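Just protein_35.cif here, mmCIF, C-alpha atoms:
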```
data_start
#
loop_
_atom_site.label_atom_id
_atom_site.label_comp_id
_atom_site.auth_asym_id
_atom_site.auth_seq_id
_atom_site.Cartn_x
_atom_site.Cartn_y
_atom_site.Cartn_z
CA MET S 1 0.00 0.00 0.00
CA ILE S 2 1.03 3.57 -0.60
CA GLY S 3 -0.03 6.75 1.17
CA ILE S 4 0.27 8.30 4.60
CA GLU S 5 -1.11 6.26 7.51
CA ASP S 6 -4.10 7.87 9.29
CA GLN S 7 -4.47 10.31 6.39
CA TYR S 8 -5.02 7.95 3.46
CA VAL S 9 -3.75 4.65 2.08
CA ILE S 10 -4.41 3.12 -1.34
CA SER S 11 -3.37 0.07 -3.33
CA PHE S 12 -3.95 -1.16 -6.90
CA SER S 13 -4.08 -4.71 -8.24
CA ILE S 14 -5.03 -6.26 -11.57
CA GLY S 15 -4.67 -9.71 -13.12
CA GLY S 16 -2.75 -11.12 -10.19
CA LYS S 17 -0.36 -8.16 -10.09
CA THR S 18 -0.69 -6.73 -6.58
CA ASP S 19 0.59 -3.29 -5.55
CA PHE S 20 1.99 -2.73 -9.03
CA ILE S 21 2.27 1.05 -8.44
CA ALA S 22 4.89 2.33 -5.97
CA GLN S 23 4.63 5.59 -4.02
CA ASN S 24 6.95 7.49 -6.37
CA GLU S 25 5.27 6.07 -9.50
CA LEU S 26 1.73 7.36 -8.93
CA ALA S 27 1.18 10.61 -10.82
CA ASN S 28 -2.56 11.04 -10.38
CA PHE S 29 -5.64 9.07 -9.40
CA ALA S 30 -9.19 10.45 -9.43
CA LEU S 31 -12.38 8.61 -8.47
CA ILE S 32 -15.71 10.38 -9.02
CA GLU S 33 -19.25 9.63 -7.83
CA ASP S 34 -22.33 11.50 -9.08
CA ALA S 35 -25.85 11.30 -7.72
CA GLY S 36 -28.32 9.72 -10.12
CA ASN S 37 -28.19 6.52 -12.10
CA SER S 38 -24.56 6.93 -13.19
CA LEU S 39 -21.64 4.60 -12.61
CA PRO S 40 -18.62 6.07 -10.82
CA THR S 41 -15.74 7.03 -13.12
CA PHE S 42 -11.99 7.12 -12.62
CA GLN S 43 -8.69 8.20 -14.14
CA LEU S 44 -5.29 6.78 -13.22
CA SER S 45 -1.86 7.95 -14.40
CA PHE S 46 1.42 6.35 -13.35
CA VAL S 47 4.94 5.63 -14.56
CA THR S 48 6.36 2.12 -14.56
CA PRO S 49 9.39 0.15 -15.71
CA ASP S 50 7.14 -2.93 -16.11
CA GLU S 51 5.92 -2.85 -19.69
CA SER S 52 4.06 -6.14 -19.25
CA ILE S 53 1.36 -4.37 -17.20
CA LEU S 54 -0.12 -3.16 -20.50
CA ASP S 55 -1.26 -6.73 -21.23
CA TYR S 56 -3.75 -6.51 -18.35
CA LEU S 57 -5.17 -3.00 -18.85
CA HIS S 58 -8.37 -3.60 -20.80
CA GLU S 59 -12.11 -4.21 -20.28
CA GLY S 60 -11.58 -7.92 -19.70
CA ASN S 61 -9.83 -7.40 -16.35
CA ASP S 62 -10.98 -5.75 -13.16
CA LEU S 63 -8.79 -3.09 -11.58
CA ASN S 64 -9.17 -3.51 -7.81
CA VAL S 65 -8.57 -0.43 -5.72
CA SER S 66 -8.49 -0.47 -1.91
CA PHE S 67 -8.48 2.89 -0.17
CA GLY S 68 -9.26 4.41 3.19
CA ARG S 69 -7.85 6.30 6.16
CA ASN S 70 -5.74 3.36 7.29
CA GLN S 71 -5.37 -0.36 6.61
CA GLU S 72 -8.06 -1.22 9.19
CA GLU S 73 -10.69 1.01 7.50
CA LEU S 74 -10.55 0.11 3.82
CA TYR S 75 -13.13 0.54 1.06
CA ASN S 76 -12.87 -1.52 -2.10
CA SER S 77 -13.73 -0.38 -5.59
CA VAL S 78 -13.79 -2.64 -8.64
CA LEU S 79 -13.11 -0.69 -11.83
CA THR S 80 -12.63 -1.43 -15.50
CA ALA S 81 -10.48 0.44 -18.02
CA THR S 82 -12.27 1.72 -21.12
CA HIS S 83 -9.45 3.96 -22.38
CA VAL S 84 -5.68 3.42 -22.21
CA GLU S 85 -2.76 5.63 -23.28
CA SER S 86 0.92 4.76 -23.11
CA GLN S 87 3.94 7.01 -23.68
CA ARG S 88 7.61 6.13 -23.45
CA ILE S 89 9.52 8.18 -20.86
CA GLY S 90 13.30 8.05 -21.29
CA GLU S 91 15.15 4.77 -21.67
CA ASN S 92 13.31 2.40 -19.40
CA ARG S 93 9.95 3.74 -18.26
CA ARG S 94 6.45 4.30 -19.61
CA GLN S 95 3.79 6.74 -18.50
CA ILE S 96 0.41 5.01 -18.61
CA THR S 97 -2.93 6.78 -18.31
CA ILE S 98 -6.17 4.85 -18.08
CA ALA S 99 -9.77 5.95 -17.65
CA GLY S 100 -12.92 3.96 -17.07
CA ILE S 101 -15.96 3.21 -14.94
CA TYR S 102 -17.17 1.04 -12.09
CA SER S 103 -16.96 -2.55 -13.30
CA THR S 104 -20.59 -3.40 -14.07
CA LEU S 105 -20.62 -3.16 -17.85
CA ALA S 106 -23.53 -5.61 -18.05
CA TYR S 107 -25.67 -3.06 -16.17
CA LEU S 108 -25.21 -0.69 -19.10
CA GLY S 109 -24.88 -3.08 -22.02
CA ASN S 110 -27.11 -6.12 -21.67
CA SER S 111 -30.65 -5.87 -23.07
CA ASN S 112 -33.11 -7.79 -20.89
CA LEU S 113 -36.75 -8.82 -20.98
CA LEU S 114 -38.78 -8.79 -17.76
CA LEU S 115 -42.45 -9.05 -16.79
CA SER S 116 -42.56 -8.44 -13.05
CA ASP S 117 -45.07 -9.62 -10.48
CA LYS S 118 -47.54 -6.95 -9.35
CA LYS S 119 -45.19 -4.91 -7.24
CA SER S 120 -44.38 -1.30 -6.50
CA GLY S 121 -41.80 0.50 -8.60
CA ILE S 122 -39.32 0.78 -5.71
CA GLU S 123 -39.57 -2.97 -5.00
CA VAL S 124 -38.75 -3.85 -8.61
CA LEU S 125 -36.01 -1.20 -8.71
CA ILE S 126 -34.35 -2.77 -5.66
CA ASP S 127 -34.69 -6.25 -7.18
CA VAL S 128 -32.97 -5.17 -10.40
CA ALA S 129 -30.24 -3.12 -8.70
CA SER S 130 -29.46 -6.02 -6.35
CA LYS S 131 -28.15 -8.04 -9.29
CA TYR S 132 -25.16 -5.71 -9.51
CA PHE S 133 -24.85 -3.73 -6.28
CA LYS S 134 -25.38 -3.84 -2.53
CA VAL S 135 -28.59 -1.84 -2.10
CA GLU S 136 -28.85 0.62 0.80
CA SER S 137 -32.28 2.19 1.18
CA ASN S 138 -34.46 3.95 3.75
CA ILE S 139 -37.61 2.57 2.02
CA THR S 140 -38.68 -0.89 0.87
CA LYS S 141 -41.64 -0.07 -1.38
CA SER S 142 -43.61 2.78 -2.94
CA ALA S 143 -47.37 3.37 -2.89
CA ASP S 144 -47.96 2.16 -6.45
CA LYS S 145 -48.52 -1.41 -7.68
CA GLN S 146 -48.51 -2.82 -11.19
CA THR S 147 -46.85 -5.30 -13.55
CA TRP S 148 -43.66 -3.60 -14.76
CA VAL S 149 -42.48 -4.41 -18.28
CA GLN S 150 -38.82 -4.29 -19.32
CA PRO S 151 -39.00 -4.37 -23.15
CA ASN S 152 -35.54 -5.64 -24.11
CA ILE S 153 -33.70 -2.62 -22.71
CA SER S 154 -30.72 -2.37 -20.36
CA ASP S 155 -31.25 -2.63 -16.61
CA ARG S 156 -29.95 0.92 -16.22
CA THR S 157 -32.58 2.26 -18.63
CA PHE S 158 -35.27 0.19 -16.92
CA ILE S 159 -34.29 1.55 -13.50
CA ASN S 160 -34.65 5.10 -14.85
CA LYS S 161 -38.24 4.24 -15.75
CA LEU S 162 -38.98 2.69 -12.35
CA TRP S 163 -37.32 5.60 -10.55
CA LEU S 164 -39.40 8.33 -12.19
CA HIS S 165 -42.77 6.52 -12.10
CA SER S 166 -42.64 5.35 -8.44
CA ASP S 167 -45.17 6.92 -6.08
CA LEU S 168 -43.83 8.26 -2.77
CA GLY S 169 -46.82 10.48 -2.05
CA ASP S 170 -45.66 13.98 -1.08
CA SER S 171 -41.99 12.94 -1.32
CA PHE S 172 -39.76 11.75 -4.16
CA PRO S 173 -36.97 9.17 -4.61
CA ALA S 174 -33.28 9.90 -5.16
CA ILE S 175 -30.70 7.31 -6.21
CA GLY S 176 -26.92 7.12 -6.45
CA ILE S 177 -24.13 4.61 -6.98
CA THR S 178 -20.98 4.78 -4.85
CA SER S 179 -17.44 3.83 -5.79
CA SER S 180 -17.57 1.01 -3.22
CA GLY S 181 -20.51 -0.63 -5.02
CA LYS S 182 -23.50 0.59 -3.02
CA PHE S 183 -26.73 1.45 -4.81
CA ILE S 184 -28.43 4.06 -2.62
CA VAL S 185 -32.19 4.64 -2.75
CA LYS S 186 -33.63 7.43 -0.61
CA ASP S 187 -37.03 8.81 0.14
CA VAL S 188 -35.79 12.41 0.30
CA LYS S 189 -38.36 13.78 2.73
CA LYS S 190 -38.01 10.74 4.99
CA SER S 191 -34.28 11.45 5.18
CA LEU S 192 -35.09 14.84 6.73
CA ASN S 193 -36.03 12.98 9.92
CA GLU S 194 -32.58 11.40 10.03
CA SER S 195 -29.56 13.03 11.62
CA TYR S 196 -26.96 14.58 9.36
CA VAL S 197 -24.07 12.31 8.44
CA TRP S 198 -21.41 15.02 8.14
CA ARG S 199 -21.05 18.66 9.15
CA PHE S 200 -18.79 20.88 7.05
CA THR S 201 -17.52 23.66 9.26
CA THR S 202 -14.62 26.02 9.91
CA ILE S 203 -14.68 25.20 13.64
CA PRO S 204 -14.81 21.39 14.02
CA SER S 205 -15.77 20.07 17.45
CA ASP S 206 -16.98 16.50 16.81
CA PRO S 207 -14.20 14.33 15.29
CA SER S 208 -16.71 11.67 14.19
CA LYS S 209 -18.83 14.03 12.04
CA ASP S 210 -17.14 17.40 11.59
CA ILE S 211 -15.00 18.07 8.50
CA LEU S 212 -12.83 21.17 8.23
CA TYR S 213 -13.13 22.35 4.65
CA ASP S 214 -10.64 24.39 2.64
CA PRO S 215 -11.10 28.19 2.41
CA ASP S 216 -13.32 29.89 -0.16
CA PRO S 217 -15.93 27.34 -1.27
CA ILE S 218 -17.90 28.25 -4.38
CA PHE S 219 -21.63 28.96 -4.24
CA SER S 220 -23.83 28.90 -7.34
CA PHE S 221 -27.53 29.49 -7.74
CA ASP S 222 -28.86 28.44 -11.14
CA THR S 223 -32.58 29.03 -11.58
CA GLY S 224 -32.61 30.05 -15.24
CA LEU S 225 -32.42 26.68 -16.97
CA ILE S 226 -34.14 24.75 -14.17
CA ASN S 227 -37.09 27.14 -13.88
CA ASN S 228 -37.48 27.16 -17.66
CA TRP S 229 -37.49 23.36 -17.63
CA VAL S 230 -39.55 22.43 -14.56
CA GLY S 231 -39.75 25.41 -12.21
CA TYR S 232 -43.00 26.83 -13.51
CA THR S 233 -46.18 24.79 -13.74
CA ARG S 234 -45.94 22.27 -16.59
CA GLU S 235 -49.12 20.53 -17.73
CA LYS S 236 -48.89 17.13 -19.39
CA LEU S 237 -51.68 15.81 -21.60
CA VAL S 238 -52.28 12.11 -20.86
CA TYR S 239 -54.20 9.92 -23.31
CA ASP S 240 -55.79 6.70 -22.04
CA VAL S 241 -55.76 4.18 -24.90
CA GLU S 242 -58.38 1.99 -23.16
CA SER S 243 -61.07 4.62 -22.69
CA GLY S 244 -60.02 7.15 -25.31
CA LYS S 245 -60.20 9.90 -22.69
CA THR S 246 -57.61 12.62 -22.12
CA SER S 247 -56.67 14.42 -18.94
CA PHE S 248 -54.07 16.93 -17.75
CA VAL S 249 -51.58 16.37 -14.95
CA LYS S 250 -49.33 19.05 -13.54
CA GLU S 251 -46.78 19.53 -10.78
CA ILE S 252 -45.53 22.66 -9.04
CA ALA S 253 -41.97 22.58 -7.65
CA ASP S 254 -41.74 23.05 -3.88
CA GLN S 255 -39.00 23.55 -1.31
CA THR S 256 -37.65 20.66 0.81
CA LEU S 257 -34.36 21.44 2.56
CA SER S 258 -34.14 25.23 2.58
CA ASN S 259 -35.71 27.29 5.37
CA ASN S 260 -37.66 29.34 2.86
CA THR S 261 -41.34 28.78 2.24
CA SER S 262 -41.12 29.01 -1.54
CA LEU S 263 -38.76 28.75 -4.49
CA VAL S 264 -37.27 31.65 -6.41
CA LYS S 265 -39.49 32.32 -9.43
CA ARG S 266 -40.55 35.20 -11.60
CA ALA S 267 -44.12 36.32 -11.09
CA GLY S 268 -46.39 36.34 -14.12
CA ILE S 269 -44.93 33.34 -15.97
CA GLU S 270 -47.76 31.28 -17.42
CA LYS S 271 -47.98 27.51 -17.24
CA ARG S 272 -45.96 25.45 -19.74
CA PHE S 273 -46.98 22.41 -21.80
CA ALA S 274 -45.07 19.13 -21.48
CA ALA S 275 -44.91 16.23 -23.93
CA ILE S 276 -47.97 13.97 -24.31
CA GLY S 277 -48.08 10.79 -22.20
CA ILE S 278 -49.94 7.57 -22.95
CA THR S 279 -51.51 5.32 -20.33
CA ASN S 280 -53.53 2.08 -20.19
CA ASP S 281 -55.07 -0.31 -17.65
CA ASN S 282 -51.72 -1.91 -16.82
CA VAL S 283 -50.11 1.15 -15.25
CA HIS S 284 -50.99 2.50 -11.80
CA ASP S 285 -53.32 5.46 -11.42
CA ASN S 286 -50.58 8.00 -10.66
CA TYR S 287 -48.15 6.80 -13.33
CA TRP S 288 -47.70 10.16 -15.06
CA ILE S 289 -48.45 12.25 -11.95
CA CYS S 290 -45.47 10.58 -10.27
CA TYR S 291 -43.31 11.17 -13.32
CA GLN S 292 -44.08 14.90 -13.27
CA LYS S 293 -43.57 15.17 -9.52
CA ASN S 294 -40.34 13.15 -9.37
CA LEU S 295 -38.77 14.86 -12.37
CA THR S 296 -39.74 18.33 -11.15
CA SER S 297 -38.51 17.69 -7.60
CA LEU S 298 -35.21 16.12 -8.67
CA ALA S 299 -34.42 18.86 -11.19
CA SER S 300 -35.34 21.65 -8.76
CA PHE S 301 -33.03 20.14 -6.16
CA GLY S 302 -30.04 21.07 -8.32
CA GLY S 303 -30.90 24.77 -8.25
CA MET S 304 -28.49 25.71 -5.47
CA LYS S 305 -24.97 24.27 -5.21
CA VAL S 306 -22.03 24.64 -2.86
CA THR S 307 -18.73 23.22 -4.09
CA LEU S 308 -16.09 22.75 -1.41
CA SER S 309 -12.96 20.71 -0.83
CA PHE S 310 -10.93 19.31 2.02
CA SER S 311 -7.41 17.97 1.94
CA GLY S 312 -5.06 15.57 3.63
CA GLN S 313 -7.45 13.07 5.20
CA PHE S 314 -9.88 10.44 3.92
CA TYR S 315 -13.52 10.66 5.02
CA PRO S 316 -16.12 8.20 3.62
CA VAL S 317 -18.44 10.93 2.34
CA SER S 318 -20.94 9.45 -0.10
CA VAL S 319 -23.47 10.73 -2.63
CA LEU S 320 -26.91 11.41 -1.10
CA ASP S 321 -25.48 11.83 2.41
CA ARG S 322 -27.50 14.41 4.31
CA VAL S 323 -25.06 17.04 5.56
CA THR S 324 -24.95 20.35 7.36
CA TYR S 325 -22.89 23.17 5.87
CA LEU S 326 -21.81 26.13 8.00
CA GLU S 327 -20.15 29.19 6.47
CA ASP S 328 -19.03 32.22 8.45
CA SER S 329 -20.68 35.50 7.55
CA ILE S 330 -18.52 38.31 6.16
CA SER S 331 -20.63 40.83 8.11
CA PRO S 332 -19.11 42.16 11.37
CA SER S 333 -20.29 40.40 14.52
CA THR S 334 -21.30 42.51 17.51
CA SER S 335 -20.53 39.65 19.91
CA GLY S 336 -17.07 38.94 18.55
CA ILE S 337 -18.14 35.38 17.66
CA PRO S 338 -18.44 34.71 13.89
CA SER S 339 -22.04 34.25 12.79
CA SER S 340 -23.23 31.97 10.01
CA ALA S 341 -23.94 33.17 6.49
CA GLN S 342 -27.64 32.33 6.61
CA TYR S 343 -28.13 32.56 2.84
CA HIS S 344 -25.71 29.68 2.23
CA SER S 345 -25.64 27.67 5.45
CA GLY S 346 -27.95 24.83 6.42
CA GLU S 347 -29.01 21.39 5.23
CA TYR S 348 -27.94 19.85 1.92
CA LEU S 349 -27.60 16.54 0.11
CA VAL S 350 -24.31 15.46 -1.43
CA SER S 351 -24.60 15.26 -5.23
CA LYS S 352 -20.95 14.65 -6.15
CA VAL S 353 -17.79 13.30 -4.52
CA SER S 354 -14.46 13.49 -6.35
CA ARG S 355 -11.36 12.12 -4.66
CA SER S 356 -7.98 12.76 -6.26
CA ILE S 357 -4.42 11.94 -5.28
CA SER S 358 -1.76 14.09 -6.92
CA ASP S 359 1.86 14.60 -5.81
CA GLY S 360 1.13 12.48 -2.74
CA THR S 361 -1.73 14.71 -1.53
CA LEU S 362 -5.33 13.56 -1.21
CA THR S 363 -7.94 16.18 -2.07
CA THR S 364 -11.68 15.55 -1.88
CA LEU S 365 -14.10 17.81 -3.74
CA VAL S 366 -17.74 17.66 -2.65
CA GLN S 367 -20.77 19.25 -4.28
CA LEU S 368 -23.79 19.96 -2.08
CA VAL S 369 -27.27 20.69 -3.43
CA ARG S 370 -30.66 21.90 -2.34
CA GLU S 371 -33.51 23.68 -4.06
CA ALA S 372 -33.19 27.28 -2.75
CA PRO S 373 -31.36 29.62 -0.37
CA ASN S 374 -32.67 30.18 3.13
CA SER S 375 -33.74 33.73 2.32
CA PHE S 376 -34.38 36.00 -0.64
CA LYS S 377 -36.28 39.19 -1.35
CA VAL S 378 -38.55 40.06 -4.27
CA VAL S 379 -38.90 43.77 -4.99
CA SER S 380 -41.92 44.83 -7.02
CA SER S 381 -41.05 46.78 -10.14
#
```
Taking this structure as input, can you express it in the form of structure tokens?
Amino acid sequence: MIGIEDQYVISFSIGGKTDFIAQNELANFALIEDAGNSLPTFQLSFVTPDESILDYLHEGNDLNVSFGRNQEELYNSVLTATHVESQRIGENRRQITIAGIYSTLAYLGNSNLLLSDKKSGIEVLIDVASKYFKVESNITKSADKQTWVQPNISDRTFINKLWLHSDLGDSFPAIGITSSGKFIVKDVKKSLNESYVWRFTTIPSDPSKDILYDPDPIFSFDTGLINNWVGYTREKLVYDVESGKTSFVKEIADQTLSNNTSLVKRAGIEKRFAAIGITNDNVHDNYWICYQKNLTSLASFGGMKVTLSFSGQFYPVSVLDRVTYLEDSISPSTSGIPSSAQYHSGEYLVSKVSRSISDGTLTTLVQLVREAPNSFKVVSS
């Protein structure tokens, strides 16, 4: 293993070659998780005098990576190379750069047929995901029930369908895949009753949960595209092929994690029209209502982002972790104790985790999301 004990350790093995990268040979390693139905990705660059390693770097072999704070707290990731570059360096070394994804190519590539029992969408989603991943969920079923049809499409595409059409009442589901092979399914509003997993702060006091982040995180608030897409009321015309009747379904985006009572929108924008949906007796009653609600809620949740980083120590932060973010205000404090920047601070979900090792230093970049700031003002024109 290479690294610095009690900060981070990491090892690489492939095709029976264990620890084939030495400390001074590792140029860069990056491992990235994104919320949603996306496999983690990676990039690895190293120099080596062992040219035979090239024989093993392809889709047919798994690259096993073990990483963690120390050798007693290791997480394992199984990766596969989809792109390889090699360049000769001097007389007797090569620089090799490989990129790829979490090693479940069948999840993306195989086309499958399935006619499920009458189950809820979340139950079938968990069944399908369990073929490839260890599922971690705070729910076991949704309120809908029907026979779900997988018409010779990949399991990943089928899960997208199950995800968006599952009925969680006034809540909505979020999913994510971690670099250690967990498939996370969360009822987002149910997770609000759970304690935060991590607290990002400038004054850590609890070693088990507090993470000291690097100075100057980046805040972004992007309502333009999201509001144009789902922020304003969108009506969907649904045609029932059994009865020949049509109906309209609509969903209005709402706040979940912010302390505000509403989302930031422009007054006077009329309702929008969404694409036509088709329904029949096989699908549950709220099939398209759920689709509108889940899509609207998930998209709106990306409206506000905080991007921060921390260096030097490994923490098992994961996508969809509920976290607390505290940022000091730049306004003077009358008490002498720094106050929080209320606009930015508060509760978030993790939407991205990117770990990179470069020049022997571990840096973790984390993106936090929620739907709106804690406060805003609208001035009438």
Segment 73-80 of chain S surroundings by only C-alpha atoms, 6 Å radius, close-in-sequence under 4 positions cut, as a PyMOL selection string
chain S and resi 59+62-68+100-103+179-180
If you take all atoms listed in the file and a cut-off of 10 Å, which residues of segment 277-377 of chain S touch segment 183-190 of chain S, and what are their nearest atom pairs and distances in Å to one decimal, in chain and number order, as JSON lines?
```
{"residue": "S:Ser297", "atom": "CA", "partner": "S:Val188", "partner_atom": "CA", "distance": 9.9}
{"residue": "S:Leu298", "atom": "CA", "partner": "S:Val188", "partner_atom": "CA", "distance": 9.7}
{"residue": "S:Ser318", "atom": "CA", "partner": "S:Ile184", "partner_atom": "CA", "distance": 9.6}
{"residue": "S:Val319", "atom": "CA", "partner": "S:Ile184", "partner_atom": "CA", "distance": 8.3}
{"residue": "S:Leu320", "atom": "CA", "partner": "S:Ile184", "partner_atom": "CA", "distance": 7.7}
{"residue": "S:Asp321", "atom": "CA", "partner": "S:Ile184", "partner_atom": "CA", "distance": 9.7}
{"residue": "S:Arg322", "atom": "CA", "partner": "S:Val188", "partner_atom": "CA", "distance": 9.4}
{"residue": "S:Leu349", "atom": "CA", "partner": "S:Val188", "partner_atom": "CA", "distance": 9.2}
```
task = Spell out the residues picked by the PyMOL selection byres ((chain S and resi 30-41) around 6) here, as a ChimeraX atom specification.
result = /S:29,42-43,100-102,175-176,178-179,319,351-356
Using only C-alpha atoms, the residue out of S:Cys290, S:Ser243, S:Gln71, S:Ala106 with shortest distance to Ile153 of chain S is S:Ala106
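Among the candidates S:Thr363, S:Gln292, S:Thr48, S:Thr140, the residue lying nearest to Gln23 of chain S is S:Thr48 (atoms considered: only C-alpha atoms).
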